[in-house]
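Printed here is input39.txt (compact mmCIF, C-alpha atoms):
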```txt
# COMPACT_ATOMS: atom_id res chain seq x y z
CA MET K 1 -71.76 -39.69 -8.85
CA SER K 2 -73.42 -39.19 -5.50
CA ARG K 3 -73.62 -35.83 -3.84
CA PHE K 4 -71.00 -34.85 -1.28
CA THR K 5 -69.92 -31.72 0.50
CA ILE K 6 -66.42 -30.30 0.79
CA ALA K 7 -65.09 -27.47 2.93
CA SER K 8 -61.86 -25.60 3.49
CA PHE K 9 -61.10 -24.45 7.04
CA ASN K 10 -58.14 -22.24 7.98
CA VAL K 11 -58.09 -22.77 11.74
CA LYS K 12 -55.52 -20.02 12.41
CA ASN K 13 -52.84 -21.94 14.26
CA LEU K 14 -54.02 -25.11 15.98
CA ILE K 15 -51.54 -26.32 18.56
CA GLY K 16 -51.90 -27.56 22.12
CA PRO K 17 -51.83 -25.23 25.13
CA ASP K 18 -48.58 -23.73 26.44
CA ARG K 19 -46.72 -24.58 23.22
CA GLU K 20 -45.00 -21.61 21.64
CA TYR K 21 -45.59 -21.80 17.88
CA TYR K 22 -44.35 -18.37 16.75
CA LYS K 23 -42.04 -16.17 18.81
CA PHE K 24 -43.85 -15.25 22.04
CA GLN K 25 -47.13 -16.73 20.76
CA SER K 26 -48.82 -19.62 22.53
CA TYR K 27 -52.25 -20.44 23.93
CA THR K 28 -52.97 -20.51 27.62
CA PRO K 29 -55.09 -23.49 28.68
CA GLU K 30 -58.12 -21.16 28.72
CA GLU K 31 -57.39 -19.81 25.23
CA TYR K 32 -56.88 -23.33 23.93
CA ALA K 33 -60.17 -24.44 25.49
CA TRP K 34 -61.94 -21.53 23.79
CA LYS K 35 -60.27 -22.25 20.44
CA SER K 36 -61.03 -25.98 20.50
CA ASP K 37 -64.63 -25.26 21.58
CA TRP K 38 -65.05 -22.77 18.71
CA MET K 39 -63.51 -25.19 16.20
CA ALA K 40 -65.76 -28.06 17.29
CA ASP K 41 -68.78 -25.81 16.71
CA GLN K 42 -67.50 -24.87 13.24
CA ILE K 43 -66.97 -28.51 12.26
CA LEU K 44 -70.43 -29.37 13.59
CA THR K 45 -71.96 -26.54 11.55
CA LEU K 46 -70.00 -27.37 8.39
CA ASP K 47 -70.89 -31.07 8.61
CA ALA K 48 -68.90 -31.56 5.39
CA ASP K 49 -67.98 -34.96 3.99
CA ILE K 50 -64.46 -33.74 3.19
CA VAL K 51 -62.68 -30.97 5.10
CA GLY K 52 -59.31 -29.45 4.23
CA PHE K 53 -57.70 -27.88 7.32
CA GLN K 54 -54.88 -25.33 7.16
CA GLU K 55 -52.49 -24.12 9.90
CA ILE K 56 -52.35 -27.38 11.85
CA PHE K 57 -49.17 -27.67 13.90
CA GLU K 58 -49.95 -31.00 15.57
CA GLU K 59 -52.32 -33.84 14.72
CA ALA K 60 -53.45 -34.70 18.29
CA PRO K 61 -55.30 -31.41 18.98
CA LEU K 62 -57.13 -31.77 15.66
CA ARG K 63 -58.23 -35.31 16.54
CA GLU K 64 -59.49 -34.03 19.91
CA VAL K 65 -61.51 -31.27 18.24
CA ILE K 66 -63.05 -33.71 15.74
CA ALA K 67 -64.00 -36.07 18.58
CA GLU K 68 -65.66 -33.18 20.42
CA ALA K 69 -67.59 -32.17 17.28
CA ASP K 70 -68.77 -35.78 16.96
CA ALA K 71 -69.90 -35.91 20.60
CA ARG K 72 -71.91 -32.70 20.11
CA GLY K 73 -73.33 -33.89 16.80
CA ILE K 74 -74.44 -37.24 18.22
CA GLN K 75 -76.07 -35.45 21.15
CA ALA K 76 -77.84 -33.03 18.78
CA ASN K 77 -79.06 -35.94 16.63
CA ALA K 78 -80.53 -37.65 19.70
CA ALA K 79 -82.39 -34.46 20.63
CA THR K 80 -83.67 -33.40 17.19
CA VAL K 81 -83.75 -36.29 14.72
CA PRO K 82 -86.71 -38.67 15.20
CA ASP K 83 -86.09 -42.41 15.15
CA ARG K 84 -87.81 -44.80 12.72
CA SER K 85 -90.75 -45.32 15.06
CA LYS K 86 -92.01 -41.83 14.22
CA ARG K 87 -94.15 -41.65 11.07
CA TYR K 88 -92.56 -38.37 10.02
CA HIS K 89 -88.90 -39.52 10.41
CA ARG K 90 -88.33 -39.51 6.62
CA LYS K 91 -89.03 -35.79 6.16
CA ALA K 92 -86.23 -34.02 4.29
CA ILE K 93 -85.70 -31.51 7.09
CA PHE K 94 -84.44 -34.28 9.37
CA ARG K 95 -81.91 -35.47 6.77
CA LYS K 96 -80.60 -31.89 6.65
CA LEU K 97 -80.52 -31.56 10.44
CA ALA K 98 -78.76 -34.86 11.07
CA TYR K 99 -75.04 -34.67 11.76
CA GLY K 100 -72.83 -37.39 10.28
CA PRO K 101 -70.08 -38.33 12.76
CA TYR K 102 -66.48 -38.75 11.59
CA GLY K 103 -65.87 -41.82 13.76
CA ASP K 104 -64.68 -44.03 10.88
CA ALA K 105 -63.43 -41.19 8.68
CA GLY K 106 -59.91 -40.97 7.33
CA LEU K 107 -57.63 -38.21 8.60
CA ALA K 108 -54.41 -37.39 6.78
CA PHE K 109 -51.99 -34.96 8.41
CA ALA K 110 -49.16 -33.30 6.49
CA PRO K 111 -46.58 -31.75 8.82
CA ASN K 112 -44.43 -28.98 7.42
CA VAL K 113 -40.92 -30.23 6.53
CA ASN K 114 -39.62 -26.83 7.67
CA ASP K 115 -41.04 -27.33 11.18
CA SER K 116 -38.12 -27.83 13.53
CA GLY K 117 -40.38 -28.35 16.53
CA LYS K 118 -38.42 -25.65 18.38
CA PRO K 119 -40.59 -23.33 20.46
CA GLY K 120 -41.19 -20.00 18.70
CA GLN K 121 -39.93 -21.35 15.37
CA ARG K 122 -42.75 -23.68 14.37
CA ARG K 123 -44.19 -23.99 10.85
CA PRO K 124 -47.78 -25.14 10.22
CA GLY K 125 -48.92 -28.10 8.21
CA LEU K 126 -52.38 -29.13 7.08
CA ALA K 127 -54.82 -32.03 7.05
CA ILE K 128 -57.70 -33.61 5.15
CA LEU K 129 -60.62 -35.28 6.89
CA SER K 130 -62.72 -37.61 4.71
CA ARG K 131 -65.85 -39.56 5.65
CA PHE K 132 -65.13 -41.73 2.61
CA GLY K 133 -61.59 -42.60 3.68
CA PHE K 134 -58.75 -42.60 1.14
CA VAL K 135 -57.50 -44.69 -1.73
CA GLY K 136 -53.86 -45.37 -0.97
CA THR K 137 -51.77 -43.10 1.20
CA PRO K 138 -52.29 -39.35 0.74
CA GLU K 139 -49.24 -37.64 -0.74
CA VAL K 140 -47.44 -34.68 0.81
CA ILE K 141 -45.95 -32.33 -1.77
CA GLN K 142 -43.37 -29.92 -0.38
CA GLU K 143 -39.85 -30.91 -1.39
CA LEU K 144 -39.70 -30.90 -5.18
CA ASP K 145 -37.58 -33.63 -6.73
CA PRO K 146 -36.66 -32.81 -9.39
CA PRO K 147 -36.70 -29.06 -8.72
CA LEU K 148 -39.06 -26.91 -10.76
CA ASP K 149 -37.35 -24.43 -13.11
CA ILE K 150 -39.54 -21.42 -13.86
CA PRO K 151 -38.37 -19.41 -16.90
CA ILE K 152 -38.24 -15.62 -16.61
CA SER K 153 -38.75 -13.45 -19.69
CA HIS K 154 -37.47 -9.95 -20.34
CA LEU K 155 -40.18 -7.36 -19.96
CA GLY K 156 -41.74 -6.68 -23.33
CA GLY K 157 -39.77 -9.39 -25.07
CA GLU K 158 -39.70 -13.08 -25.59
CA ASP K 159 -36.01 -13.52 -24.81
CA GLU K 160 -35.32 -15.60 -21.75
CA ALA K 161 -33.80 -13.67 -18.84
CA GLY K 162 -32.93 -16.73 -16.81
CA HIS K 163 -34.97 -18.92 -14.53
CA TYR K 164 -35.98 -19.36 -10.94
CA THR K 165 -35.45 -22.79 -9.38
CA LEU K 166 -37.96 -23.95 -6.80
CA ARG K 167 -36.75 -26.84 -4.61
CA CYS K 168 -39.09 -26.63 -1.61
CA LEU K 169 -42.44 -24.98 -0.88
CA SER K 170 -42.81 -22.99 2.33
CA ARG K 171 -46.07 -24.85 3.09
CA PRO K 172 -47.02 -28.42 2.17
CA ILE K 173 -49.71 -29.41 -0.30
CA LEU K 174 -51.68 -32.52 0.60
CA LYS K 175 -53.00 -34.65 -2.27
CA ALA K 176 -55.59 -37.30 -1.44
CA ARG K 177 -57.52 -39.72 -3.59
CA ILE K 178 -61.01 -40.21 -2.17
CA PRO K 179 -63.47 -42.96 -3.20
CA ILE K 180 -66.98 -41.61 -3.75
CA ASN K 181 -69.69 -43.95 -5.10
CA GLY K 182 -67.41 -46.00 -7.33
CA GLN K 183 -65.43 -42.98 -8.56
CA ILE K 184 -62.14 -41.60 -7.28
CA VAL K 185 -61.93 -37.87 -6.67
CA THR K 186 -58.52 -36.25 -6.22
CA VAL K 187 -58.46 -33.46 -3.65
CA PHE K 188 -55.62 -31.02 -3.08
CA ASN K 189 -55.41 -29.06 0.16
CA CYS K 190 -53.03 -26.13 0.19
CA HIS K 191 -52.42 -23.11 2.37
CA LEU K 192 -52.04 -20.11 0.12
CA LYS K 193 -50.23 -17.02 1.34
CA SER K 194 -50.58 -13.51 -0.04
```

As structure tokens - that is how I would like this structure written.
Amino acid sequence: MSRFTIASFNVKNLIGPDREYYKFQSYTPEEYAWKSDWMADQILTLDADIVGFQEIFEEAPLREVIAEADARGIQANAATVPDRSKRYHRKAIFRKLAYGPYGDAGLAFAPNVNDSGKPGQRRPGLAILSRFGFVGTPEVIQELDPPLDIPISHLGGEDEAGHYTLRCLSRPILKARIPINGQIVTVFNCHLKS
């Protein structure tokens, strides 16, 4: 299997400007500009082949941030990575410095089924970005059909004290199958809460 890099990135509430996501919480245009600028720098620095994003409310702002990271990365490559005409272009340092744009990458967005879209009552989803694309359509796991029954035991004993039925998760899980050098790697992106 070839080498690849993978990253997890909790972006702490990505949504467009002037859109109330939690009660009385929204970004001004200036705050959104700062956030998207910061995120583009993080993506550029990570330069991971696969990125799992958490707390994504809307897909469009994420696409904008990825496009900005690509623009910065391409500009940095032009300034720092020598072309083939330079004898030293094959040095390992330049392979490490070079940014790989996400232009043809696959992006799967999993909105939260509990997101009503109502201002102040939004619920975040998540996304996976893959330079390798996907095999099939990524699967969103949130509503459980059939429901999951979790048995509960008495403390100190093995007798069953009932069960807890789980029908829906508060946050989605995104499952993606990713082709890497003739193999298929299954990636799960989830947003864990304490």

(request) Name the residues within 7 Å of (-34.8, -22.0, -10.4), counting all atoms listed in the file in the file's coordinates, and put them as a PyMOL selection string. (result) chain K and resi 148-150+163-166

(message) Which residues are near Ala60 of chain K? Cut-off 12 Å, only C-alpha atoms, ignore same chain within fewer than 4 positions. Put them as an NGL selection string.
(response) :K and (14-17 or 36 or 56 or 64-67 or 107-109 or 127)

(request) Mind checking which residues fall within 10 Å of Leu174 of chain K, counting all atoms listed in the file, ignoring those fewer than 3 positions away in the same chain, and posting them as a list in words? (result)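 Non-adjacent residues within range: Gly52, Ala108, Phe109, Ala110, Pro111, Gly125, Leu126, Ala127, Ile128, Pro138, Glu139, Val140, Ile141, Gln142, Arg171, Val187, Phe188, Asn189, Cys190 and His191 of chain K.
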
Requested write-out: C-alpha atoms of the selected residues, as a CSV table (one decimal), in the frame of the given file:
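Result saved to out_13.csv:
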```csv
chain,number,residue,atom,x,y,z
K,52,GLY,CA,-59.3,-29.4,4.2
K,108,ALA,CA,-54.4,-37.4,6.8
K,109,PHE,CA,-52.0,-35.0,8.4
K,110,ALA,CA,-49.2,-33.3,6.5
K,111,PRO,CA,-46.6,-31.8,8.8
K,125,GLY,CA,-48.9,-28.1,8.2
K,126,LEU,CA,-52.4,-29.1,7.1
K,127,ALA,CA,-54.8,-32.0,7.0
K,128,ILE,CA,-57.7,-33.6,5.2
K,138,PRO,CA,-52.3,-39.4,0.7
K,139,GLU,CA,-49.2,-37.6,-0.7
K,140,VAL,CA,-47.4,-34.7,0.8
K,141,ILE,CA,-46.0,-32.3,-1.8
K,142,GLN,CA,-43.4,-29.9,-0.4
K,171,ARG,CA,-46.1,-24.8,3.1
K,187,VAL,CA,-58.5,-33.5,-3.6
K,188,PHE,CA,-55.6,-31.0,-3.1
K,189,ASN,CA,-55.4,-29.1,0.2
K,190,CYS,CA,-53.0,-26.1,0.2
K,191,HIS,CA,-52.4,-23.1,2.4
```

(request) Would you work out the distance separating atom CA of Gly136 of chain K from atom CA of Val113 of chain K, expressed in Å to one decimal? (result)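 Computed distance, atom CA of Gly136 of chain K to atom CA of Val113 of chain K, equals 21.3 Å.
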
(request) Would you mind listing what lies within 8 Å of Val11 of chain K as a PyMOL selection string, with only C-alpha atoms counted and same-chain residues fewer than 5 positions away left out? (result) chain K and resi 39+53-56

(message) Considering all atoms listed in the file, can you say which of K:Leu129, K:Ala105, K:Cys168, K:Phe134 comes closest to Pro146 of chain K?
(response)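 Under the stated criterion, the closest residue is K:Cys168.
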
(message) Between atom CA of Pro124 of chain K and atom CA of Asn112 of chain K, what is the distance in Å, rounded to a tenth?
(response)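 Interatomic distance here is 5.8 Å.
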
(request) Go through K:Ile43, K:Leu192, K:Ala161, K:Val81 one by one, measure the shortest atom-to-atom distance of each to Ile173 of chain K using only C-alpha atoms, and give the residue with the smallest value. (result) K:Leu192

(message) Please list as a PyMOL selection string every residue within 12 Å of Arg3 of chain K, counting only C-alpha atoms and excluding residues in the same chain fewer than 3 positions away.
(response) chain K and resi 6+48-50+180-181+183

(request) Kindly give the distance, in Å, that separates atom CA of Leu144 of chain K and atom CA of Tyr22 of chain K, rounded to a single decimal. (result)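 Between atom CA of Leu144 of chain K and atom CA of Tyr22 of chain K the gap works out to 25.7 Å.
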
(request) Return the single residue from K:Glu59, K:Ala33, K:Phe24, K:Ala40 that is closest to Phe9 of chain K, with distances computed using all atoms listed in the file. (result)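 Smallest distance to Phe9 of chain K is found for K:Ala40.
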
(request) For each of K:Lys118, K:Arg177, K:Thr186, K:Ala69, take the minimum atom-to-atom distance to Trp38 of chain K, counting only C-alpha atoms, then give the residue where this is smallest. (result)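 Ranked by minimum distance to Trp38 of chain K, first place goes to K:Ala69.
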
(request) Excluding Gly103 of chain K and any residue of its chain fewer than 3 positions from it, enumerate the residues within 10 Å of it, using only C-alpha atoms, and give them as an MDAnalysis selection string. (result) chainID K and resid 66:67 70:71 100 106 131

(message) With distances taken over all atoms listed in the file, which residue among K:Val51, K:Leu169, K:Thr137, K:His154 lies nearest Phe4 of chain K?
(response)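 Counting all atoms listed in the file, the residue closest to Phe4 of chain K is K:Val51.
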
Since the input is missing atoms for segment 100-124 of chain K, could you rebuild it with N, CA and C atoms and give the result as an mmCIF file, in the frame of the given file?
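Final output, saved to part-v7.cif:
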```cif
data_model
loop_
_atom_site.group_PDB
_atom_site.id
_atom_site.type_symbol
_atom_site.label_atom_id
_atom_site.label_comp_id
_atom_site.auth_asym_id
_atom_site.auth_seq_id
_atom_site.Cartn_x
_atom_site.Cartn_y
_atom_site.Cartn_z
ATOM 1 N N GLY K 100 -73.509 -36.128 10.569
ATOM 2 C CA GLY K 100 -72.830 -37.390 10.280
ATOM 3 C C GLY K 100 -71.494 -37.444 10.993
ATOM 4 N N PRO K 101 -71.355 -38.260 12.022
ATOM 5 C CA PRO K 101 -70.080 -38.330 12.760
ATOM 6 C C PRO K 101 -68.911 -38.774 11.891
ATOM 7 N N TYR K 102 -67.717 -38.401 12.298
ATOM 8 C CA TYR K 102 -66.480 -38.750 11.590
ATOM 9 C C TYR K 102 -65.783 -39.955 12.207
ATOM 10 N N GLY K 103 -66.480 -40.698 13.034
ATOM 11 C CA GLY K 103 -65.870 -41.820 13.760
ATOM 12 C C GLY K 103 -65.004 -42.733 12.921
ATOM 13 N N ASP K 104 -65.455 -43.124 11.732
ATOM 14 C CA ASP K 104 -64.680 -44.030 10.880
ATOM 15 C C ASP K 104 -64.008 -43.296 9.725
ATOM 16 N N ALA K 105 -63.991 -41.988 9.779
ATOM 17 C CA ALA K 105 -63.430 -41.190 8.680
ATOM 18 C C ALA K 105 -61.909 -41.310 8.638
ATOM 19 N N GLY K 106 -61.363 -41.008 7.485
ATOM 20 C CA GLY K 106 -59.910 -40.970 7.330
ATOM 21 C C GLY K 106 -59.406 -39.571 7.641
ATOM 22 N N LEU K 107 -58.282 -39.491 8.325
ATOM 23 C CA LEU K 107 -57.630 -38.210 8.600
ATOM 24 C C LEU K 107 -56.189 -38.312 8.150
ATOM 25 N N ALA K 108 -55.802 -37.435 7.245
ATOM 26 C CA ALA K 108 -54.410 -37.390 6.780
ATOM 27 C C ALA K 108 -53.811 -36.065 7.226
ATOM 28 N N PHE K 109 -52.684 -36.142 7.908
ATOM 29 C CA PHE K 109 -51.990 -34.960 8.410
ATOM 30 C C PHE K 109 -50.685 -34.801 7.654
ATOM 31 N N ALA K 110 -50.408 -33.591 7.200
ATOM 32 C CA ALA K 110 -49.160 -33.300 6.490
ATOM 33 C C ALA K 110 -48.369 -32.268 7.304
ATOM 34 N N PRO K 111 -47.405 -32.725 8.095
ATOM 35 C CA PRO K 111 -46.580 -31.750 8.820
ATOM 36 C C PRO K 111 -45.705 -30.979 7.841
ATOM 37 N N ASN K 112 -45.302 -29.817 8.237
ATOM 38 C CA ASN K 112 -44.430 -28.980 7.420
ATOM 39 C C ASN K 112 -42.994 -29.475 7.565
ATOM 40 N N VAL K 113 -42.303 -29.747 6.449
ATOM 41 C CA VAL K 113 -40.920 -30.230 6.530
ATOM 42 C C VAL K 113 -39.992 -29.173 7.118
ATOM 43 N N ASN K 114 -40.420 -27.915 7.106
ATOM 44 C CA ASN K 114 -39.620 -26.830 7.670
ATOM 45 C C ASN K 114 -39.875 -26.628 9.161
ATOM 46 N N ASP K 115 -40.725 -27.461 9.757
ATOM 47 C CA ASP K 115 -41.040 -27.330 11.180
ATOM 48 C C ASP K 115 -39.972 -28.043 12.003
ATOM 49 N N SER K 116 -39.193 -27.267 12.708
ATOM 50 C CA SER K 116 -38.120 -27.830 13.530
ATOM 51 C C SER K 116 -38.639 -28.375 14.853
ATOM 52 N N GLY K 117 -39.845 -27.964 15.232
ATOM 53 C CA GLY K 117 -40.380 -28.350 16.530
ATOM 54 C C GLY K 117 -39.879 -27.468 17.658
ATOM 55 N N LYS K 118 -38.954 -26.540 17.350
ATOM 56 C CA LYS K 118 -38.420 -25.650 18.380
ATOM 57 C C LYS K 118 -39.439 -24.576 18.733
ATOM 58 N N PRO K 119 -39.644 -24.356 20.034
ATOM 59 C CA PRO K 119 -40.590 -23.330 20.460
ATOM 60 C C PRO K 119 -40.276 -21.972 19.809
ATOM 61 N N GLY K 120 -41.334 -21.321 19.320
ATOM 62 C CA GLY K 120 -41.190 -20.000 18.700
ATOM 63 C C GLY K 120 -40.760 -20.040 17.253
ATOM 64 N N GLN K 121 -40.408 -21.234 16.748
ATOM 65 C CA GLN K 121 -39.930 -21.350 15.370
ATOM 66 C C GLN K 121 -40.701 -22.425 14.606
ATOM 67 N N ARG K 122 -41.955 -22.631 14.987
ATOM 68 C CA ARG K 122 -42.750 -23.680 14.370
ATOM 69 C C ARG K 122 -43.268 -23.261 12.994
ATOM 70 N N ARG K 123 -43.618 -24.224 12.174
ATOM 71 C CA ARG K 123 -44.190 -23.990 10.850
ATOM 72 C C ARG K 123 -45.408 -24.896 10.707
ATOM 73 N N PRO K 124 -46.548 -24.347 10.263
ATOM 74 C CA PRO K 124 -47.780 -25.140 10.220
ATOM 75 C C PRO K 124 -47.865 -26.084 9.044
#
```
